[in-house]
Structure formats: structure tokens, C-alpha cells
>>> print(open('start.cif').read())   # mmCIF, N, CA and C atoms and all ligand atoms
data_start
loop_
_atom_site.label_atom_id
_atom_site.label_comp_id
_atom_site.auth_asym_id
_atom_site.auth_seq_id
_atom_site.Cartn_x
_atom_site.Cartn_y
_atom_site.Cartn_z
N MET A 1 2.42 -6.91 19.78
CA MET A 1 0.96 -6.75 19.76
C MET A 1 0.50 -6.38 18.35
N ILE A 2 -0.50 -7.07 17.88
CA ILE A 2 -1.04 -6.84 16.54
C ILE A 2 -1.87 -5.55 16.54
N VAL A 3 -1.63 -4.69 15.57
CA VAL A 3 -2.32 -3.40 15.47
C VAL A 3 -3.23 -3.38 14.24
N LEU A 4 -4.42 -2.84 14.43
CA LEU A 4 -5.40 -2.75 13.35
C LEU A 4 -4.78 -2.13 12.10
N ARG A 5 -5.01 -2.75 10.97
CA ARG A 5 -4.59 -2.29 9.64
C ARG A 5 -3.10 -2.51 9.34
N ASP A 6 -2.33 -3.03 10.29
CA ASP A 6 -0.95 -3.37 9.97
C ASP A 6 -0.95 -4.50 8.94
N ILE A 7 0.12 -4.58 8.15
CA ILE A 7 0.23 -5.60 7.10
C ILE A 7 1.44 -6.47 7.39
N TYR A 8 1.23 -7.78 7.33
CA TYR A 8 2.29 -8.75 7.63
C TYR A 8 2.58 -9.61 6.41
N TYR A 9 3.84 -10.12 6.36
CA TYR A 9 4.36 -10.86 5.22
C TYR A 9 5.01 -12.15 5.70
N CYS A 10 4.79 -13.23 4.98
CA CYS A 10 5.47 -14.49 5.29
C CYS A 10 6.65 -14.66 4.34
N LYS A 11 7.86 -14.74 4.90
CA LYS A 11 9.07 -14.83 4.08
C LYS A 11 9.18 -16.17 3.37
N HIS A 12 8.42 -17.17 3.81
CA HIS A 12 8.51 -18.50 3.20
C HIS A 12 7.56 -18.64 2.00
N CYS A 13 6.28 -18.33 2.20
CA CYS A 13 5.31 -18.60 1.14
C CYS A 13 4.81 -17.34 0.43
N GLY A 14 5.15 -16.15 0.96
CA GLY A 14 4.72 -14.92 0.31
C GLY A 14 3.33 -14.46 0.72
N ASN A 15 2.70 -15.13 1.67
CA ASN A 15 1.40 -14.70 2.17
C ASN A 15 1.48 -13.27 2.68
N VAL A 16 0.46 -12.46 2.38
CA VAL A 16 0.37 -11.10 2.91
C VAL A 16 -1.00 -10.93 3.52
N VAL A 17 -1.05 -10.44 4.76
CA VAL A 17 -2.34 -10.28 5.44
C VAL A 17 -2.42 -8.88 6.06
N GLU A 18 -3.65 -8.36 6.09
CA GLU A 18 -3.91 -7.08 6.74
C GLU A 18 -4.77 -7.35 7.97
N ILE A 19 -4.43 -6.71 9.07
CA ILE A 19 -5.12 -6.97 10.34
C ILE A 19 -6.49 -6.29 10.36
N LEU A 20 -7.53 -7.09 10.60
CA LEU A 20 -8.89 -6.58 10.68
C LEU A 20 -9.39 -6.53 12.12
N ASN A 21 -8.71 -7.23 13.02
CA ASN A 21 -9.14 -7.30 14.41
C ASN A 21 -7.88 -7.33 15.27
N GLU A 22 -7.58 -6.23 15.96
CA GLU A 22 -6.32 -6.17 16.69
C GLU A 22 -6.41 -6.88 18.04
N GLY A 23 -5.24 -7.11 18.62
CA GLY A 23 -5.20 -7.66 19.96
C GLY A 23 -4.54 -9.01 20.09
N ALA A 24 -4.43 -9.77 19.00
CA ALA A 24 -3.79 -11.08 19.09
C ALA A 24 -2.30 -10.88 19.35
N PRO A 25 -1.64 -11.85 19.99
CA PRO A 25 -0.23 -11.67 20.34
C PRO A 25 0.72 -11.72 19.14
N ALA A 26 0.47 -12.58 18.17
CA ALA A 26 1.40 -12.70 17.04
C ALA A 26 0.74 -13.48 15.92
N LEU A 27 1.24 -13.28 14.70
CA LEU A 27 0.79 -14.05 13.55
C LEU A 27 1.88 -15.04 13.19
N VAL A 28 1.48 -16.27 12.86
CA VAL A 28 2.43 -17.30 12.47
C VAL A 28 2.00 -17.88 11.13
N CYS A 29 2.98 -18.07 10.22
CA CYS A 29 2.70 -18.69 8.93
C CYS A 29 3.90 -19.57 8.59
N CYS A 30 3.68 -20.74 8.05
CA CYS A 30 4.75 -21.67 7.69
C CYS A 30 5.67 -21.96 8.88
N GLY A 31 5.12 -21.91 10.09
CA GLY A 31 5.88 -22.26 11.28
C GLY A 31 6.73 -21.15 11.86
N ASP A 32 6.72 -19.96 11.26
CA ASP A 32 7.52 -18.84 11.77
C ASP A 32 6.64 -17.61 11.97
N PRO A 33 7.06 -16.69 12.86
CA PRO A 33 6.33 -15.43 13.00
C PRO A 33 6.34 -14.67 11.67
N MET A 34 5.22 -14.05 11.34
CA MET A 34 5.16 -13.24 10.12
C MET A 34 5.87 -11.90 10.38
N THR A 35 6.37 -11.29 9.29
CA THR A 35 7.13 -10.04 9.38
C THR A 35 6.22 -8.85 9.14
N LEU A 36 6.29 -7.86 10.04
CA LEU A 36 5.53 -6.63 9.84
C LEU A 36 6.13 -5.87 8.67
N LEU A 37 5.29 -5.49 7.71
CA LEU A 37 5.77 -4.66 6.60
C LEU A 37 5.84 -3.22 7.10
N GLU A 38 7.03 -2.66 7.15
CA GLU A 38 7.21 -1.28 7.58
C GLU A 38 6.71 -0.35 6.48
N GLU A 39 6.05 0.73 6.88
CA GLU A 39 5.56 1.72 5.91
C GLU A 39 6.64 2.76 5.69
N LYS A 40 7.30 2.66 4.53
CA LYS A 40 8.39 3.60 4.24
C LYS A 40 7.83 4.92 3.71
N THR A 41 8.56 6.00 3.97
CA THR A 41 8.08 7.32 3.55
C THR A 41 9.10 8.09 2.72
N GLN A 42 10.36 7.72 2.82
CA GLN A 42 11.41 8.44 2.10
C GLN A 42 11.86 7.63 0.91
N ASP A 43 11.89 8.26 -0.24
CA ASP A 43 12.24 7.55 -1.46
C ASP A 43 13.38 8.25 -2.17
N ALA A 44 14.55 7.64 -2.12
CA ALA A 44 15.72 8.25 -2.75
C ALA A 44 15.94 7.71 -4.17
N ALA A 45 15.24 6.64 -4.53
CA ALA A 45 15.42 6.05 -5.86
C ALA A 45 14.82 6.95 -6.93
N THR A 46 15.19 6.69 -8.17
CA THR A 46 14.66 7.51 -9.25
C THR A 46 13.19 7.18 -9.52
N GLU A 47 12.81 5.94 -9.35
CA GLU A 47 11.39 5.61 -9.49
C GLU A 47 10.73 5.86 -8.14
N LYS A 48 9.63 6.51 -8.13
CA LYS A 48 9.05 6.97 -6.87
C LYS A 48 7.97 6.02 -6.36
N HIS A 49 7.89 5.91 -5.05
CA HIS A 49 6.93 5.01 -4.42
C HIS A 49 5.93 5.68 -3.51
N VAL A 50 6.27 6.83 -2.95
CA VAL A 50 5.37 7.46 -1.99
C VAL A 50 4.08 7.88 -2.70
N PRO A 51 2.91 7.42 -2.19
CA PRO A 51 1.65 7.76 -2.87
C PRO A 51 1.40 9.28 -2.84
N TYR A 52 0.94 9.78 -3.97
CA TYR A 52 0.61 11.20 -4.10
C TYR A 52 -0.90 11.34 -4.26
N VAL A 53 -1.53 12.07 -3.33
CA VAL A 53 -2.99 12.21 -3.32
C VAL A 53 -3.38 13.56 -3.89
N GLU A 54 -4.22 13.55 -4.92
CA GLU A 54 -4.72 14.81 -5.45
C GLU A 54 -6.24 14.77 -5.52
N GLU A 55 -6.86 15.93 -5.31
CA GLU A 55 -8.31 16.00 -5.36
C GLU A 55 -8.79 15.81 -6.78
N ALA A 56 -9.91 15.12 -6.93
CA ALA A 56 -10.52 14.86 -8.23
C ALA A 56 -12.03 15.00 -8.04
N PRO A 57 -12.78 15.19 -9.12
CA PRO A 57 -14.24 15.32 -8.97
C PRO A 57 -14.83 14.11 -8.24
N GLY A 58 -15.45 14.35 -7.10
CA GLY A 58 -16.09 13.28 -6.34
C GLY A 58 -15.19 12.49 -5.43
N GLY A 59 -13.93 12.89 -5.32
CA GLY A 59 -13.04 12.14 -4.44
C GLY A 59 -11.59 12.50 -4.63
N VAL A 60 -10.73 11.47 -4.60
CA VAL A 60 -9.30 11.70 -4.77
C VAL A 60 -8.72 10.70 -5.77
N LEU A 61 -7.66 11.14 -6.43
CA LEU A 61 -6.88 10.27 -7.30
C LEU A 61 -5.53 10.08 -6.63
N VAL A 62 -5.17 8.82 -6.37
CA VAL A 62 -3.88 8.52 -5.73
C VAL A 62 -2.95 7.95 -6.80
N LYS A 63 -1.81 8.61 -6.97
CA LYS A 63 -0.83 8.18 -7.98
C LYS A 63 0.43 7.69 -7.29
N VAL A 64 1.05 6.68 -7.88
CA VAL A 64 2.35 6.22 -7.38
C VAL A 64 3.39 6.70 -8.38
N GLY A 65 4.08 7.74 -7.95
CA GLY A 65 4.98 8.47 -8.82
C GLY A 65 4.28 9.73 -9.26
N LYS A 66 4.73 10.86 -8.72
CA LYS A 66 4.05 12.12 -9.03
C LYS A 66 4.35 12.58 -10.45
N GLU A 67 5.64 12.73 -10.77
CA GLU A 67 6.01 13.16 -12.13
C GLU A 67 6.25 11.97 -13.04
N THR A 68 6.92 10.95 -12.52
CA THR A 68 7.19 9.74 -13.29
C THR A 68 6.43 8.58 -12.68
N ALA A 69 5.63 7.91 -13.49
CA ALA A 69 4.84 6.79 -12.97
C ALA A 69 5.73 5.60 -12.62
N HIS A 70 5.41 4.93 -11.54
CA HIS A 70 6.11 3.70 -11.16
C HIS A 70 5.89 2.64 -12.24
N PRO A 71 6.87 1.77 -12.50
CA PRO A 71 6.69 0.70 -13.49
C PRO A 71 5.51 -0.21 -13.14
N MET A 72 4.88 -0.76 -14.18
CA MET A 72 3.79 -1.73 -13.99
C MET A 72 4.08 -2.91 -14.90
N GLU A 73 5.26 -3.53 -14.68
CA GLU A 73 5.70 -4.66 -15.48
C GLU A 73 5.41 -5.96 -14.74
N GLU A 74 5.50 -7.08 -15.45
CA GLU A 74 5.19 -8.39 -14.86
C GLU A 74 5.99 -8.66 -13.59
N LYS A 75 7.28 -8.29 -13.60
CA LYS A 75 8.14 -8.61 -12.46
C LYS A 75 8.23 -7.49 -11.44
N HIS A 76 7.69 -6.33 -11.74
CA HIS A 76 7.84 -5.18 -10.84
C HIS A 76 6.65 -4.25 -11.04
N TYR A 77 5.75 -4.25 -10.07
CA TYR A 77 4.55 -3.42 -10.21
C TYR A 77 3.91 -3.12 -8.86
N ILE A 78 2.95 -2.23 -8.88
CA ILE A 78 2.21 -1.87 -7.68
C ILE A 78 1.05 -2.85 -7.54
N LYS A 79 1.01 -3.60 -6.44
CA LYS A 79 -0.03 -4.61 -6.25
C LYS A 79 -1.33 -3.99 -5.74
N PHE A 80 -1.21 -3.00 -4.86
CA PHE A 80 -2.43 -2.31 -4.43
C PHE A 80 -2.13 -0.91 -3.95
N ILE A 81 -3.18 -0.09 -3.98
CA ILE A 81 -3.15 1.25 -3.41
C ILE A 81 -4.30 1.32 -2.42
N GLU A 82 -4.04 1.88 -1.25
CA GLU A 82 -5.08 2.00 -0.23
C GLU A 82 -5.21 3.44 0.25
N VAL A 83 -6.44 3.79 0.59
CA VAL A 83 -6.72 5.04 1.27
C VAL A 83 -7.42 4.69 2.58
N LEU A 84 -6.90 5.21 3.69
CA LEU A 84 -7.46 4.91 4.99
C LEU A 84 -8.03 6.16 5.63
N THR A 85 -9.28 6.07 6.10
CA THR A 85 -9.89 7.16 6.87
C THR A 85 -10.08 6.62 8.29
N GLU A 86 -10.71 7.38 9.15
CA GLU A 86 -10.95 6.92 10.51
C GLU A 86 -11.79 5.64 10.53
N SER A 87 -12.72 5.51 9.56
CA SER A 87 -13.67 4.39 9.62
C SER A 87 -13.66 3.49 8.39
N LYS A 88 -12.81 3.79 7.41
CA LYS A 88 -12.82 3.01 6.17
C LYS A 88 -11.41 2.66 5.71
N VAL A 89 -11.30 1.48 5.06
CA VAL A 89 -10.11 1.12 4.31
C VAL A 89 -10.56 0.86 2.88
N CYS A 90 -10.12 1.69 1.96
CA CYS A 90 -10.46 1.53 0.54
C CYS A 90 -9.22 1.03 -0.19
N ARG A 91 -9.37 -0.07 -0.92
CA ARG A 91 -8.20 -0.66 -1.58
C ARG A 91 -8.50 -0.91 -3.05
N ALA A 92 -7.57 -0.51 -3.91
CA ALA A 92 -7.64 -0.82 -5.34
C ALA A 92 -6.54 -1.83 -5.63
N GLU A 93 -6.92 -2.96 -6.24
CA GLU A 93 -5.95 -4.01 -6.57
C GLU A 93 -5.55 -3.84 -8.03
N LEU A 94 -4.25 -3.72 -8.26
CA LEU A 94 -3.74 -3.42 -9.60
C LEU A 94 -3.04 -4.64 -10.20
N LYS A 95 -2.87 -4.58 -11.52
CA LYS A 95 -2.17 -5.65 -12.23
C LYS A 95 -1.18 -5.02 -13.21
N PRO A 96 -0.17 -5.80 -13.64
CA PRO A 96 0.78 -5.28 -14.63
C PRO A 96 0.04 -4.75 -15.85
N GLY A 97 0.53 -3.64 -16.39
CA GLY A 97 -0.08 -3.04 -17.56
C GLY A 97 -1.07 -1.95 -17.23
N MET A 98 -1.59 -1.94 -15.99
CA MET A 98 -2.50 -0.88 -15.57
C MET A 98 -1.70 0.36 -15.20
N LYS A 99 -2.40 1.51 -15.09
CA LYS A 99 -1.74 2.71 -14.58
C LYS A 99 -1.54 2.56 -13.08
N PRO A 100 -0.41 3.06 -12.52
CA PRO A 100 -0.19 2.95 -11.09
C PRO A 100 -0.93 4.06 -10.33
N GLU A 101 -2.24 4.06 -10.45
CA GLU A 101 -3.07 5.06 -9.79
C GLU A 101 -4.46 4.50 -9.56
N ALA A 102 -5.19 5.15 -8.65
CA ALA A 102 -6.56 4.70 -8.36
C ALA A 102 -7.39 5.86 -7.84
N PHE A 103 -8.68 5.84 -8.23
CA PHE A 103 -9.63 6.84 -7.75
C PHE A 103 -10.40 6.26 -6.57
N PHE A 104 -10.63 7.11 -5.56
CA PHE A 104 -11.42 6.70 -4.41
C PHE A 104 -12.46 7.78 -4.11
N PRO A 105 -13.72 7.41 -3.88
CA PRO A 105 -14.75 8.40 -3.57
C PRO A 105 -14.68 8.83 -2.10
N VAL A 106 -13.58 9.46 -1.74
CA VAL A 106 -13.29 9.86 -0.36
C VAL A 106 -12.85 11.32 -0.38
N GLN A 107 -13.28 12.08 0.61
CA GLN A 107 -12.82 13.46 0.72
C GLN A 107 -11.37 13.48 1.18
N LYS A 108 -10.56 14.33 0.56
CA LYS A 108 -9.14 14.38 0.91
C LYS A 108 -8.94 14.69 2.39
N ALA A 109 -9.79 15.56 2.94
CA ALA A 109 -9.65 15.97 4.35
C ALA A 109 -9.89 14.80 5.31
N ASP A 110 -10.59 13.75 4.85
CA ASP A 110 -10.90 12.61 5.72
C ASP A 110 -9.79 11.55 5.73
N ILE A 111 -8.82 11.68 4.85
CA ILE A 111 -7.78 10.65 4.72
C ILE A 111 -6.78 10.72 5.86
N VAL A 112 -6.60 9.61 6.53
CA VAL A 112 -5.59 9.50 7.59
C VAL A 112 -4.23 9.18 6.95
N LYS A 113 -4.25 8.24 5.99
CA LYS A 113 -3.04 7.97 5.22
C LYS A 113 -3.40 7.24 3.94
N ALA A 114 -2.48 7.37 2.97
CA ALA A 114 -2.58 6.58 1.74
C ALA A 114 -1.34 5.70 1.72
N ARG A 115 -1.49 4.48 1.20
CA ARG A 115 -0.31 3.62 1.11
C ARG A 115 -0.42 2.72 -0.11
N GLU A 116 0.74 2.21 -0.51
CA GLU A 116 0.79 1.31 -1.66
C GLU A 116 1.84 0.26 -1.41
N TRP A 117 1.67 -0.89 -2.09
CA TRP A 117 2.63 -1.97 -1.95
C TRP A 117 3.22 -2.31 -3.30
N CYS A 118 4.54 -2.12 -3.42
CA CYS A 118 5.30 -2.50 -4.60
C CYS A 118 5.81 -3.92 -4.36
N ASN A 119 5.64 -4.81 -5.32
CA ASN A 119 6.02 -6.21 -5.10
C ASN A 119 7.53 -6.40 -4.93
N VAL A 120 8.31 -5.39 -5.33
CA VAL A 120 9.77 -5.48 -5.17
C VAL A 120 10.25 -4.61 -3.99
N HIS A 121 9.71 -3.43 -3.83
CA HIS A 121 10.25 -2.45 -2.88
C HIS A 121 9.42 -2.25 -1.62
N GLY A 122 8.33 -3.00 -1.46
CA GLY A 122 7.62 -2.99 -0.21
C GLY A 122 6.52 -1.95 -0.06
N LEU A 123 6.21 -1.67 1.21
CA LEU A 123 5.05 -0.84 1.56
C LEU A 123 5.47 0.61 1.78
N TRP A 124 4.68 1.53 1.23
CA TRP A 124 4.99 2.98 1.30
C TRP A 124 3.74 3.73 1.70
N LYS A 125 3.92 4.82 2.45
CA LYS A 125 2.75 5.60 2.84
C LYS A 125 3.01 7.10 2.69
N SER A 126 1.92 7.84 2.65
CA SER A 126 1.99 9.31 2.74
C SER A 126 0.83 9.77 3.59
FE FE B 1 9.13 -0.42 -6.99
#
>>> encode(input="start.cif", output="C-alpha cells")
Amino acid sequence: MIVLRDIYYCKHCGNVVEILNEGAPALVCCGDPMTLLEEKTQDAATEKHVPYVEEAPGGVLVKVGKETAHPMEEKHYIKFIEVLTESKVCRAELKPGMKPEAFFPVQKADIVKAREWCNVHGLWKS
């Protein structure tokens, strides 16, 4: 069963989709079922992936890598950072060379979860 806000990946063409309307039985792309991107939370690698949310004037700043920033190179970078509340999905789309962080005008107390997608290591949440 498709769940609102879940993210799916096509292993053939690289398509990535986020669910905006739940209830459909399955997603298919390139003739095969799409793969649910699992939201990982534990990071044992030296480069960190779990989003770190800190309060900032007027909202929150979400960083990928608390002490050490995640790489933002052509072949390995954070594609997006999202903040989810009960009624909103806020997404910042990043590119190589940018800082792996994003500001959102959202109260920290309203955040249900923050997540980010690394093009090499997948989806992570906090
Ligand atoms: Fe990574």
C-alpha cells in the first residue's frame, strides 16, 4: 500500500517520486515495481548523513553533517533536504558546490521529521 510522503526509486531509469496521494496499490516504472527508499537513521560512516535540525531566527537550519559537512561533489552530494510537519512538506533542492544545509521558515516544535537524500547513500531521516 502506497503511503503519503513515501519516496520510491526506479532501479532502471533512476526516476524518484514522492507520494502526494496515498492509497494506490503499487507504483510501476520501466515495467517493474518501484523500490521504496528506506529512511535510514543510523550512520556508522565517517561522513554523516542524518539531518541535524537547529533553531535559527525565523525558523530552522537543517544541516547534513553536524560537525563535518557531507561532501557536495559532482559524483556524491545531497540532492535535497526536506522538513515535514503535519500539514506541510518543505523541500530544498541542492546542487554540487552548495553547502549541505537549508533554512526553512518552520517552528522546530512543528517538525514531524527532517530527511535528506544522498545520491550515493540514499534516504536519511531524523
Ligand atoms: Fe553520502
>>> residues_near_point(input="start.cif", point="(-2.5, -5.2, 15.3)", cutoff="6 Å", atoms="all atoms listed in the file", output="list in words")
Met1, Ile2, Val3, Leu4, Arg5, Asp6, Ile19, Asn21, Glu22 and Gly23 of chain A
>>> residues_around(input="start.cif", residues="Glu82 (chain A)", least_positions_apart="5", cutoff="10 Å", atoms="only C-alpha atoms", output="list in words")
Pro51, Val62, Val89, Cys90, Arg91, Ala92, Glu93, Ala102, Phe104, Lys113, Ala114, Arg115, Glu116, Trp117 and Lys125 of chain A
>>> atom_distance(input="start.cif", atom1="atom C of Gln107 (chain A)", atom2="atom N of Gly59 (chain A)")
7.0 Å
>>> residues_near_ligand(input="start.cif", ligand="ligand FE 1 (chain B)", cutoff="6.5 Å", atoms="all atoms listed in the file", output="PyMOL selection string")
chain A and resi 49+71+76-77+118-122
>>> atom_distance(input="start.cif", atom1="CA of His12 (chain A)", atom2="CA of Leu37 (chain A)")
14.5 Å
>>> closest_residue(input="start.cif", among="A:Val16, A:Val53, A:Leu123, A:Cys10", to="Met34 (chain A)", atoms="all atoms listed in the file")
A:Cys10
>>> residues_around(input="start.cif", residues="region 95-98 of chain A", least_positions_apart="4", cutoff="8 Å", atoms="only N, CA and C atoms", output="list in words")
Pro71, Met72, Glu73, Glu74, Lys75, His76, Tyr77, Ile78, Lys79 and Phe80 of chain A
>>> select_by_dssp(input="start.cif", residues="chain A", states="strand (DSSP E)", output="PyMOL selection string")
chain A and resi 7-9+16-18+28-29+32-33+35-36+51-56+59-64+78-85+89-93+101-104+111-118+122-125
>>> write_last_selection(input="start.cif", atoms="N, CA and C atoms", output="compact mmCIF listing (two decimals), in the frame of the given file")
# COMPACT_ATOMS: atom_id res chain seq x y z
N ILE A 7 0.12 -4.58 8.15
CA ILE A 7 0.23 -5.60 7.10
C ILE A 7 1.44 -6.47 7.39
N TYR A 8 1.23 -7.78 7.33
CA TYR A 8 2.29 -8.75 7.63
C TYR A 8 2.58 -9.61 6.41
N TYR A 9 3.84 -10.12 6.36
CA TYR A 9 4.36 -10.86 5.22
C TYR A 9 5.01 -12.15 5.70
N VAL A 16 0.46 -12.46 2.38
CA VAL A 16 0.37 -11.10 2.91
C VAL A 16 -1.00 -10.93 3.52
N VAL A 17 -1.05 -10.44 4.76
CA VAL A 17 -2.34 -10.28 5.44
C VAL A 17 -2.42 -8.88 6.06
N GLU A 18 -3.65 -8.36 6.09
CA GLU A 18 -3.91 -7.08 6.74
C GLU A 18 -4.77 -7.35 7.97
N VAL A 28 1.48 -16.27 12.86
CA VAL A 28 2.43 -17.30 12.47
C VAL A 28 2.00 -17.88 11.13
N CYS A 29 2.98 -18.07 10.22
CA CYS A 29 2.70 -18.69 8.93
C CYS A 29 3.90 -19.57 8.59
N ASP A 32 6.72 -19.96 11.26
CA ASP A 32 7.52 -18.84 11.77
C ASP A 32 6.64 -17.61 11.97
N PRO A 33 7.06 -16.69 12.86
CA PRO A 33 6.33 -15.43 13.00
C PRO A 33 6.34 -14.67 11.67
N THR A 35 6.37 -11.29 9.29
CA THR A 35 7.13 -10.04 9.38
C THR A 35 6.22 -8.85 9.14
N LEU A 36 6.29 -7.86 10.04
CA LEU A 36 5.53 -6.63 9.84
C LEU A 36 6.13 -5.87 8.67
N PRO A 51 2.91 7.42 -2.19
CA PRO A 51 1.65 7.76 -2.87
C PRO A 51 1.40 9.28 -2.84
N TYR A 52 0.94 9.78 -3.97
CA TYR A 52 0.61 11.20 -4.10
C TYR A 52 -0.90 11.34 -4.26
N VAL A 53 -1.53 12.07 -3.33
CA VAL A 53 -2.99 12.21 -3.32
C VAL A 53 -3.38 13.56 -3.89
N GLU A 54 -4.22 13.55 -4.92
CA GLU A 54 -4.72 14.81 -5.45
C GLU A 54 -6.24 14.77 -5.52
N GLU A 55 -6.86 15.93 -5.31
CA GLU A 55 -8.31 16.00 -5.36
C GLU A 55 -8.79 15.81 -6.78
N ALA A 56 -9.91 15.12 -6.93
CA ALA A 56 -10.52 14.86 -8.23
C ALA A 56 -12.03 15.00 -8.04
N GLY A 59 -13.93 12.89 -5.32
CA GLY A 59 -13.04 12.14 -4.44
C GLY A 59 -11.59 12.50 -4.63
N VAL A 60 -10.73 11.47 -4.60
CA VAL A 60 -9.30 11.70 -4.77
C VAL A 60 -8.72 10.70 -5.77
N LEU A 61 -7.66 11.14 -6.43
CA LEU A 61 -6.88 10.27 -7.30
C LEU A 61 -5.53 10.08 -6.63
N VAL A 62 -5.17 8.82 -6.37
CA VAL A 62 -3.88 8.52 -5.73
C VAL A 62 -2.95 7.95 -6.80
N LYS A 63 -1.81 8.61 -6.97
CA LYS A 63 -0.83 8.18 -7.98
C LYS A 63 0.43 7.69 -7.29
N VAL A 64 1.05 6.68 -7.88
CA VAL A 64 2.35 6.22 -7.38
C VAL A 64 3.39 6.70 -8.38
N ILE A 78 2.95 -2.23 -8.88
CA ILE A 78 2.21 -1.87 -7.68
C ILE A 78 1.05 -2.85 -7.54
N LYS A 79 1.01 -3.60 -6.44
CA LYS A 79 -0.03 -4.61 -6.25
C LYS A 79 -1.33 -3.99 -5.74
N PHE A 80 -1.21 -3.00 -4.86
CA PHE A 80 -2.43 -2.31 -4.43
C PHE A 80 -2.13 -0.91 -3.95
N ILE A 81 -3.18 -0.09 -3.98
CA ILE A 81 -3.15 1.25 -3.41
C ILE A 81 -4.30 1.32 -2.42
N GLU A 82 -4.04 1.88 -1.25
CA GLU A 82 -5.08 2.00 -0.23
C GLU A 82 -5.21 3.44 0.25
N VAL A 83 -6.44 3.79 0.59
CA VAL A 83 -6.72 5.04 1.27
C VAL A 83 -7.42 4.69 2.58
N LEU A 84 -6.90 5.21 3.69
CA LEU A 84 -7.46 4.91 4.99
C LEU A 84 -8.03 6.16 5.63
N THR A 85 -9.28 6.07 6.10
CA THR A 85 -9.89 7.16 6.87
C THR A 85 -10.08 6.62 8.29
N VAL A 89 -11.30 1.48 5.06
CA VAL A 89 -10.11 1.12 4.31
C VAL A 89 -10.56 0.86 2.88
N CYS A 90 -10.12 1.69 1.96
CA CYS A 90 -10.46 1.53 0.54
C CYS A 90 -9.22 1.03 -0.19
N ARG A 91 -9.37 -0.07 -0.92
CA ARG A 91 -8.20 -0.66 -1.58
C ARG A 91 -8.50 -0.91 -3.05
N ALA A 92 -7.57 -0.51 -3.91
CA ALA A 92 -7.64 -0.82 -5.34
C ALA A 92 -6.54 -1.83 -5.63
N GLU A 93 -6.92 -2.96 -6.24
CA GLU A 93 -5.95 -4.01 -6.57
C GLU A 93 -5.55 -3.84 -8.03
N GLU A 101 -2.24 4.06 -10.45
CA GLU A 101 -3.07 5.06 -9.79
C GLU A 101 -4.46 4.50 -9.56
N ALA A 102 -5.19 5.15 -8.65
CA ALA A 102 -6.56 4.70 -8.36
C ALA A 102 -7.39 5.86 -7.84
N PHE A 103 -8.68 5.84 -8.23
CA PHE A 103 -9.63 6.84 -7.75
C PHE A 103 -10.40 6.26 -6.57
N PHE A 104 -10.63 7.11 -5.56
CA PHE A 104 -11.42 6.70 -4.41
C PHE A 104 -12.46 7.78 -4.11
N ILE A 111 -8.82 11.68 4.85
CA ILE A 111 -7.78 10.65 4.72
C ILE A 111 -6.78 10.72 5.86
N VAL A 112 -6.60 9.61 6.53
CA VAL A 112 -5.59 9.50 7.59
C VAL A 112 -4.23 9.18 6.95
N LYS A 113 -4.25 8.24 5.99
CA LYS A 113 -3.04 7.97 5.22
C LYS A 113 -3.40 7.24 3.94
N ALA A 114 -2.48 7.37 2.97
CA ALA A 114 -2.58 6.58 1.74
C ALA A 114 -1.34 5.70 1.72
N ARG A 115 -1.49 4.48 1.20
CA ARG A 115 -0.31 3.62 1.11
C ARG A 115 -0.42 2.72 -0.11
N GLU A 116 0.74 2.21 -0.51
CA GLU A 116 0.79 1.31 -1.66
C GLU A 116 1.84 0.26 -1.41
N TRP A 117 1.67 -0.89 -2.09
CA TRP A 117 2.63 -1.97 -1.95
C TRP A 117 3.22 -2.31 -3.30
N CYS A 118 4.54 -2.12 -3.42
CA CYS A 118 5.30 -2.50 -4.60
C CYS A 118 5.81 -3.92 -4.36
N GLY A 122 8.33 -3.00 -1.46
CA GLY A 122 7.62 -2.99 -0.21
C GLY A 122 6.52 -1.95 -0.06
N LEU A 123 6.21 -1.67 1.21
CA LEU A 123 5.05 -0.84 1.56
C LEU A 123 5.47 0.61 1.78
N TRP A 124 4.68 1.53 1.23
CA TRP A 124 4.99 2.98 1.30
C TRP A 124 3.74 3.73 1.70
N LYS A 125 3.92 4.82 2.45
CA LYS A 125 2.75 5.60 2.84
C LYS A 125 3.01 7.10 2.69
>>> atom_distance(input="start.cif", atom1="CA of Thr85 (chain A)", atom2="CA of Ile111 (chain A)")
4.6 Å
>>> closest_residue(input="start.cif", among="A:Ser126, A:Lys108, A:Leu20, A:Pro33", to="Tyr52 (chain A)", atoms="only N, CA and C atoms")
A:Ser126
>>> closest_residue(input="start.cif", among="A:Lys48, A:Glu55, A:Asn15, A:Trp124", to="Glu67 (chain A)", atoms="all atoms listed in the file")
A:Lys48
